[in-house]
Each structure stands twice: as structure tokens, then as C-alpha cells.
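Participant: So here's model24.csv (CSV, N, CA and C atoms).
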chain,number,residue,atom,x,y,z
B,20,MET,N,-0.2,-127.1,-0.9
B,20,MET,CA,-0.1,-125.9,-0.1
B,20,MET,C,0.9,-126.2,1.1
B,21,LYS,N,1.8,-125.4,1.3
B,21,LYS,CA,2.8,-125.6,2.4
B,21,LYS,C,2.1,-125.3,3.7
B,22,LEU,N,2.8,-125.8,4.8
B,22,LEU,CA,2.2,-125.7,6.1
B,22,LEU,C,2.0,-124.2,6.5
B,23,GLY,N,3.0,-123.4,6.2
B,23,GLY,CA,2.9,-121.9,6.5
B,23,GLY,C,1.8,-121.3,5.9
B,24,GLY,N,1.5,-121.6,4.6
B,24,GLY,CA,0.4,-121.0,3.8
B,24,GLY,C,-0.9,-121.5,4.4
B,25,PHE,N,-1.0,-122.8,4.8
B,25,PHE,CA,-2.2,-123.3,5.4
B,25,PHE,C,-2.5,-122.6,6.8
B,26,ILE,N,-1.4,-122.4,7.6
B,26,ILE,CA,-1.6,-121.7,8.8
B,26,ILE,C,-2.1,-120.3,8.6
B,27,VAL,N,-1.5,-119.5,7.7
B,27,VAL,CA,-2.0,-118.2,7.4
B,27,VAL,C,-3.4,-118.2,6.9
B,28,ALA,N,-3.8,-119.1,6.0
B,28,ALA,CA,-5.1,-119.1,5.5
B,28,ALA,C,-6.1,-119.5,6.6
B,29,ALA,N,-5.8,-120.5,7.4
B,29,ALA,CA,-6.7,-120.9,8.5
B,29,ALA,C,-6.9,-119.7,9.5
B,30,LEU,N,-5.8,-119.0,9.8
B,30,LEU,CA,-5.9,-117.8,10.7
B,30,LEU,C,-6.8,-116.7,10.1
B,31,ALA,N,-6.6,-116.5,8.8
B,31,ALA,CA,-7.4,-115.5,8.1
B,31,ALA,C,-8.9,-115.9,8.2
B,32,VAL,N,-9.2,-117.1,7.9
B,32,VAL,CA,-10.6,-117.6,7.9
B,32,VAL,C,-11.2,-117.4,9.4
B,33,SER,N,-10.4,-117.8,10.3
B,33,SER,CA,-10.8,-117.7,11.7
B,33,SER,C,-11.1,-116.3,12.1
B,34,VAL,N,-10.2,-115.4,11.7
B,34,VAL,CA,-10.3,-114.0,12.1
B,34,VAL,C,-11.6,-113.4,11.4
B,35,LEU,N,-11.8,-113.7,10.1
B,35,LEU,CA,-13.0,-113.3,9.4
B,35,LEU,C,-14.3,-113.8,10.1
B,36,LEU,N,-14.3,-115.1,10.4
B,36,LEU,CA,-15.5,-115.6,11.1
B,36,LEU,C,-15.7,-114.9,12.5
B,37,ALA,N,-14.6,-114.7,13.2
B,37,ALA,CA,-14.7,-114.1,14.5
B,37,ALA,C,-15.2,-112.6,14.4
B,38,VAL,N,-14.7,-111.9,13.5
B,38,VAL,CA,-15.0,-110.5,13.4
B,38,VAL,C,-16.4,-110.3,12.8
B,39,PHE,N,-16.7,-111.1,11.7
B,39,PHE,CA,-18.0,-110.8,11.0
B,39,PHE,C,-19.1,-111.8,11.5
B,40,GLY,N,-18.8,-112.9,12.1
B,40,GLY,CA,-19.8,-113.8,12.6
B,40,GLY,C,-20.2,-113.6,14.1
B,41,SER,N,-19.3,-113.1,14.9
B,41,SER,CA,-19.6,-113.0,16.3
B,41,SER,C,-20.7,-112.0,16.6
B,42,PRO,N,-20.9,-110.9,15.9
B,42,PRO,CA,-22.0,-110.0,16.2
B,42,PRO,C,-23.4,-110.6,16.0
B,43,PHE,N,-23.4,-111.7,15.2
B,43,PHE,CA,-24.7,-112.4,15.0
B,43,PHE,C,-25.0,-113.6,15.9
B,44,ALA,N,-24.1,-113.8,16.9
B,44,ALA,CA,-24.2,-114.9,17.9
B,44,ALA,C,-25.5,-114.7,18.7
B,45,SER,N,-26.1,-115.7,19.1
B,45,SER,CA,-27.3,-115.7,19.9
B,45,SER,C,-27.0,-115.0,21.3
B,46,SER,N,-28.0,-114.2,21.7
B,46,SER,CA,-27.9,-113.6,23.0
B,46,SER,C,-28.5,-114.5,24.1
B,47,SER,N,-29.1,-115.6,23.7
B,47,SER,CA,-29.8,-116.5,24.6
B,47,SER,C,-28.7,-117.2,25.5
B,48,PRO,N,-29.1,-117.6,26.7
B,48,PRO,CA,-28.1,-118.2,27.6
B,48,PRO,C,-27.6,-119.6,27.0
B,49,ASP,N,-26.4,-120.0,27.4
B,49,ASP,CA,-25.9,-121.3,26.9
B,49,ASP,C,-26.7,-122.4,27.7
B,50,GLY,N,-26.4,-123.6,27.3
B,50,GLY,CA,-27.1,-124.8,27.9
B,50,GLY,C,-27.0,-124.9,29.4
B,51,LEU,N,-25.8,-124.7,30.0
B,51,LEU,CA,-25.7,-124.8,31.4
B,51,LEU,C,-26.4,-123.7,32.1
B,52,GLU,N,-26.3,-122.5,31.6
B,52,GLU,CA,-27.1,-121.4,32.3
B,52,GLU,C,-28.6,-121.6,32.2
B,53,LYS,N,-29.1,-122.1,31.0
B,53,LYS,CA,-30.5,-122.4,30.9
B,53,LYS,C,-31.0,-123.4,31.8
B,54,VAL,N,-30.2,-124.5,32.0
B,54,VAL,CA,-30.6,-125.6,32.9
B,54,VAL,C,-30.6,-125.0,34.3
B,55,ALA,N,-29.6,-124.2,34.7
B,55,ALA,CA,-29.6,-123.7,36.0
B,55,ALA,C,-30.8,-122.8,36.3
B,56,ALA,N,-31.2,-122.0,35.3
B,56,ALA,CA,-32.4,-121.2,35.4
B,56,ALA,C,-33.6,-122.0,35.5
B,57,ASP,N,-33.7,-123.1,34.7
B,57,ASP,CA,-34.9,-123.9,34.7
B,57,ASP,C,-35.1,-124.7,36.0
B,58,GLN,N,-33.9,-125.1,36.6
B,58,GLN,CA,-34.0,-125.9,37.8
B,58,GLN,C,-34.0,-125.0,39.1
B,59,GLY,N,-33.9,-123.7,38.9
B,59,GLY,CA,-34.0,-122.8,40.0
B,59,GLY,C,-32.8,-122.6,40.9
B,60,PHE,N,-31.6,-122.9,40.4
B,60,PHE,CA,-30.4,-122.6,41.2
B,60,PHE,C,-29.4,-121.6,40.5
B,61,LEU,N,-29.9,-120.9,39.5
B,61,LEU,CA,-29.1,-119.9,38.9
B,61,LEU,C,-28.7,-118.7,39.9
B,62,GLU,N,-29.6,-118.4,40.8
B,62,GLU,CA,-29.4,-117.3,41.7
B,62,GLU,C,-28.4,-117.7,42.8
B,63,LYS,N,-28.0,-119.0,42.9
B,63,LYS,CA,-27.0,-119.4,43.9
B,63,LYS,C,-25.6,-119.2,43.4
B,64,ALA,N,-25.5,-118.7,42.1
B,64,ALA,CA,-24.1,-118.5,41.6
B,64,ALA,C,-23.4,-117.4,42.4
B,65,SER,N,-22.1,-117.5,42.3
B,65,SER,CA,-21.3,-116.5,43.1
B,65,SER,C,-21.6,-115.1,42.6
B,66,SER,N,-21.6,-114.2,43.6
B,66,SER,CA,-21.9,-112.8,43.3
B,66,SER,C,-20.8,-112.1,42.4
B,67,ALA,N,-19.6,-112.6,42.5
B,67,ALA,CA,-18.5,-112.1,41.7
B,67,ALA,C,-17.9,-113.3,40.9
B,68,PRO,N,-18.5,-113.7,39.8
B,68,PRO,CA,-18.0,-114.9,39.1
B,68,PRO,C,-16.6,-114.6,38.5
B,69,ALA,N,-15.9,-115.6,38.2
B,69,ALA,CA,-14.6,-115.5,37.7
B,69,ALA,C,-14.5,-114.7,36.4
B,70,TRP,N,-15.6,-114.8,35.5
B,70,TRP,CA,-15.5,-114.2,34.2
B,70,TRP,C,-15.8,-112.6,34.4
B,71,SER,N,-16.2,-112.2,35.5
B,71,SER,CA,-16.3,-110.7,35.7
B,71,SER,C,-15.0,-110.0,35.7
B,72,PHE,N,-13.9,-110.8,35.9
B,72,PHE,CA,-12.5,-110.2,35.8
B,72,PHE,C,-11.9,-110.4,34.5
B,73,ALA,N,-12.6,-111.0,33.5
B,73,ALA,CA,-12.1,-111.3,32.2
B,73,ALA,C,-11.9,-110.0,31.4
B,74,PRO,N,-10.9,-109.9,30.5
B,74,PRO,CA,-10.7,-108.7,29.8
B,74,PRO,C,-11.9,-108.4,28.9
B,75,ALA,N,-12.6,-109.4,28.4
B,75,ALA,CA,-13.8,-109.1,27.5
B,75,ALA,C,-14.9,-110.0,28.0
B,76,ALA,N,-15.4,-109.7,29.2
B,76,ALA,CA,-16.5,-110.5,29.8
B,76,ALA,C,-17.7,-110.3,29.0
B,77,ASP,N,-18.5,-111.4,28.8
B,77,ASP,CA,-19.7,-111.4,28.0
B,77,ASP,C,-19.5,-110.9,26.6
B,78,TYR,N,-18.3,-111.2,26.1
B,78,TYR,CA,-17.9,-110.8,24.7
B,78,TYR,C,-18.0,-109.3,24.4
B,79,ALA,N,-17.7,-108.5,25.4
B,79,ALA,CA,-17.8,-107.1,25.2
B,79,ALA,C,-16.4,-106.5,25.6
B,80,VAL,N,-15.9,-105.6,24.8
B,80,VAL,CA,-14.6,-104.9,25.2
B,80,VAL,C,-15.0,-103.6,25.9
B,81,PRO,N,-14.5,-103.4,27.1
B,81,PRO,CA,-14.8,-102.1,27.8
B,81,PRO,C,-14.4,-100.9,27.0
B,82,GLY,N,-15.2,-99.9,27.0
B,82,GLY,CA,-14.9,-98.6,26.4
B,82,GLY,C,-15.3,-98.5,25.0
B,83,VAL,N,-15.9,-99.6,24.4
B,83,VAL,CA,-16.3,-99.5,23.0
B,83,VAL,C,-17.9,-99.3,23.1
B,84,GLY,N,-18.3,-98.2,22.5
B,84,GLY,CA,-19.7,-97.9,22.6
B,84,GLY,C,-20.7,-98.8,21.8
B,85,SER,N,-20.4,-99.2,20.7
B,85,SER,CA,-21.2,-100.0,19.8
B,85,SER,C,-21.2,-101.5,20.2
B,86,ALA,N,-22.3,-102.1,20.5
B,86,ALA,CA,-22.3,-103.5,20.9
B,86,ALA,C,-21.8,-104.4,19.8
B,87,GLY,N,-22.1,-104.1,18.6
B,87,GLY,CA,-21.7,-105.0,17.5
B,87,GLY,C,-20.2,-104.9,17.3
B,88,VAL,N,-19.6,-103.7,17.3
B,88,VAL,CA,-18.2,-103.5,17.2
B,88,VAL,C,-17.4,-104.1,18.4
B,89,SER,N,-18.0,-103.9,19.6
B,89,SER,CA,-17.4,-104.5,20.8
B,89,SER,C,-17.3,-106.0,20.7
B,90,THR,N,-18.4,-106.7,20.2
B,90,THR,CA,-18.4,-108.1,20.1
B,90,THR,C,-17.5,-108.6,19.0
B,91,ALA,N,-17.4,-107.9,17.9
B,91,ALA,CA,-16.5,-108.2,16.9
B,91,ALA,C,-15.0,-108.1,17.4
B,92,LEU,N,-14.7,-107.0,18.1
B,92,LEU,CA,-13.4,-106.8,18.6
B,92,LEU,C,-13.0,-107.9,19.6
B,93,ALA,N,-14.0,-108.3,20.5
B,93,ALA,CA,-13.8,-109.4,21.4
B,93,ALA,C,-13.5,-110.7,20.7
B,94,GLY,N,-14.2,-110.9,19.6
B,94,GLY,CA,-14.0,-112.1,18.8
B,94,GLY,C,-12.6,-112.1,18.2
B,95,LEU,N,-12.2,-110.9,17.7
B,95,LEU,CA,-10.8,-110.8,17.1
B,95,LEU,C,-9.7,-111.0,18.2
B,96,LEU,N,-9.9,-110.4,19.3
B,96,LEU,CA,-8.9,-110.5,20.4
B,96,LEU,C,-8.8,-112.0,20.9
B,97,GLY,N,-10.0,-112.6,21.0
B,97,GLY,CA,-10.0,-114.0,21.5
B,97,GLY,C,-9.4,-114.9,20.5
B,98,THR,N,-9.6,-114.7,19.2
B,98,THR,CA,-9.0,-115.5,18.2
B,98,THR,C,-7.5,-115.4,18.1
B,99,LEU,N,-7.0,-114.1,18.2
B,99,LEU,CA,-5.6,-113.9,18.2
B,99,LEU,C,-4.9,-114.4,19.4
B,100,ALA,N,-5.6,-114.3,20.6
B,100,ALA,CA,-5.0,-114.8,21.8
B,100,ALA,C,-4.9,-116.4,21.8
B,101,THR,N,-6.0,-117.0,21.3
B,101,THR,CA,-6.0,-118.5,21.2
B,101,THR,C,-4.9,-118.9,20.2
B,102,PHE,N,-4.8,-118.2,19.0
B,102,PHE,CA,-3.8,-118.6,18.1
B,102,PHE,C,-2.4,-118.4,18.7
B,103,GLY,N,-2.1,-117.3,19.3
B,103,GLY,CA,-0.8,-117.1,20.0
B,103,GLY,C,-0.5,-118.1,21.0
B,104,ALA,N,-1.5,-118.5,21.8
B,104,ALA,CA,-1.2,-119.5,22.8
B,104,ALA,C,-0.9,-120.9,22.2
B,105,ALA,N,-1.7,-121.2,21.2
B,105,ALA,CA,-1.4,-122.5,20.5
B,105,ALA,C,-0.1,-122.5,19.8
B,106,TRP,N,0.3,-121.4,19.1
B,106,TRP,CA,1.6,-121.2,18.4
B,106,TRP,C,2.7,-121.4,19.4
B,107,GLY,N,2.6,-120.7,20.6
B,107,GLY,CA,3.6,-120.8,21.6
B,107,GLY,C,3.8,-122.2,22.2
B,108,PHE,N,2.7,-122.8,22.4
B,108,PHE,CA,2.7,-124.2,22.9
B,108,PHE,C,3.3,-125.1,21.9
B,109,ALA,N,3.0,-125.0,20.6
B,109,ALA,CA,3.6,-125.8,19.6
B,109,ALA,C,5.1,-125.6,19.5
B,110,LYS,N,5.5,-124.4,19.6
B,110,LYS,CA,7.0,-124.1,19.6
B,110,LYS,C,7.7,-124.7,20.8
B,111,TRP,N,7.0,-124.6,21.9
B,111,TRP,CA,7.6,-125.1,23.2
B,111,TRP,C,7.7,-126.6,23.1
B,112,VAL,N,6.6,-127.3,22.6
B,112,VAL,CA,6.7,-128.8,22.5
B,112,VAL,C,7.7,-129.2,21.5
B,113,GLY,N,7.8,-128.5,20.3
B,113,GLY,CA,8.7,-128.8,19.3
B,113,GLY,C,10.2,-128.6,19.8
B,114,ARG,N,10.4,-127.6,20.6
B,114,ARG,CA,11.8,-127.4,21.2
B,114,ARG,C,12.1,-128.5,22.2
B,115,ARG,N,11.1,-128.9,23.0
B,115,ARG,CA,11.4,-130.0,24.0
B,115,ARG,C,11.6,-131.3,23.3
B,116,LYS,N,10.8,-131.6,22.2
B,116,LYS,CA,10.9,-132.8,21.5
B,116,LYS,C,12.3,-132.9,20.8
B,117,GLY,N,12.9,-131.8,20.3
B,117,GLY,CA,14.2,-131.8,19.7
B,117,GLY,C,15.3,-132.0,20.7
B,118,GLN,N,15.1,-131.8,22.0
B,118,GLN,CA,16.1,-132.0,23.0
B,118,GLN,C,16.2,-133.4,23.5
B,119,SER,N,15.2,-134.2,23.2
B,119,SER,CA,15.1,-135.6,23.6
B,119,SER,C,16.2,-136.4,22.9
Step by step, read the file and then write its structure as C-alpha cells.
Facilitator:
Amino acid sequence: MKLGGFIVAALAVSVLLAVFGSPFASSSPDGLEKVAADQGFLEKASSAPAWSFAPAADYAVPGVGSAGVSTALAGLLGTLATFGAAWGFAKWVGRRKGQS
């Protein structure tokens, strides 16, 4: 399999997992949040955390009524944004390496 085919296949698998797997993710707090709650310092967190300004905070897309669809859409957008950033970085590094 050529590199381009592998990249397309990997992106397709990632998108499928993000769209169809993300609605089944646990709603329990992550490890850091659980420890903070268990140790009694969760309430000391900032009243306006950085993630409250995120485009899909708490894996929810604003304006989408269904929680499952919203989570799937957030997974799709996050996967595509990550792929785009990685692709751009790889192109940038490749261009810089060619200039040396």
C-alpha cells in the first residue's frame, strides 16, 4: 500500500471511530478530575476554565440539540482538526528539511 492510500485509510478509520465511538465514551470524570474531587480541591478550580472558551467544550457542539449527535460531531471536528494540524506541520517540516 502506498503512503497516500495508508493516510486515507487511517483517516477514514479515525473518522469512523470518532463519529461512531465517541457517543459511547464514559461520562465519568477523568483521572485528574476524580483525584481533585477525592482530595477536596476540585472547587478551587478557576471559575472560568480555559476549556469554557473551546469551540466544543465538554465534547458538545453548541446549537446541536441531540447529545449523541453533538458528541459525534465534536469527535469528527476534533479528528479533522488534528489531522489538518499534523498534515500542515509535516508539510512545513518537509519544506524546511528540503531547504537545508
Participant: Have a look at CA of Gly97 in chain B and CA of Ala44 in chain B and let me know their distance in Å, one decimal.
Facilitator: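 The value is 14.7 Å.
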Participant: Restricting the calculation to only C-alpha atoms, which member of B:Asp57, B:Leu51, B:Leu30, B:Val38 is positioned closest to Gly94 in chain B?
Facilitator: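 Nearest to Gly94 in chain B: B:Val38.
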Participant: To one decimal place, how far is CA of Val88 in chain B from CA of Phe43 in chain B in Å?
Facilitator: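 Atom-to-atom, CA of Val88 in chain B and CA of Phe43 in chain B are spaced 11.2 Å apart.
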Participant: Would you work out the distance separating atom N of Phe108 in chain B from CA of Phe72 in chain B, expressed in Å to one decimal?
Facilitator: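 Distance reported for this atom pair: 23.9 Å.
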Participant: Apply DSSP to the backbone of this structure and, from chain B, keep only the residues in alpha helix (DSSP H); write these as a PyMOL selection string.
Facilitator: chain B and resi 22-40+50-58+86-118
Participant: Might you pull out every residue within 6 Å of Val80 in chain B, with all atoms listed in the file counted and same-chain residues fewer than 2 positions away left off, and present them as a PyMOL selection string?
Facilitator: chain B and resi 74-75+78+82-83+89-90+93
Participant: Which is closest to Leu96 in chain B among B:Gly23, B:Ala37, B:Val54, B:Arg115, if we use only N, CA and C atoms?
Facilitator: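 Answer, going by the shortest atom-to-atom distance: B:Ala37.
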Participant: Pick from B:Phe60, B:Val27, B:Ser41, B:Arg114: nearest to Gly87 in chain B, with only N, CA and C atoms counted?
Facilitator: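 The closest residue to Gly87 in chain B is B:Ser41.
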Participant: As a list in words, please: the residues near range 32-36 of chain B (cut-off 8 Å, only C-alpha atoms, same-chain neighbours under 6 positions excluded).
Facilitator: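 So the residues in contact are Gly94, Leu95, Thr98 and Leu99 of chain B.
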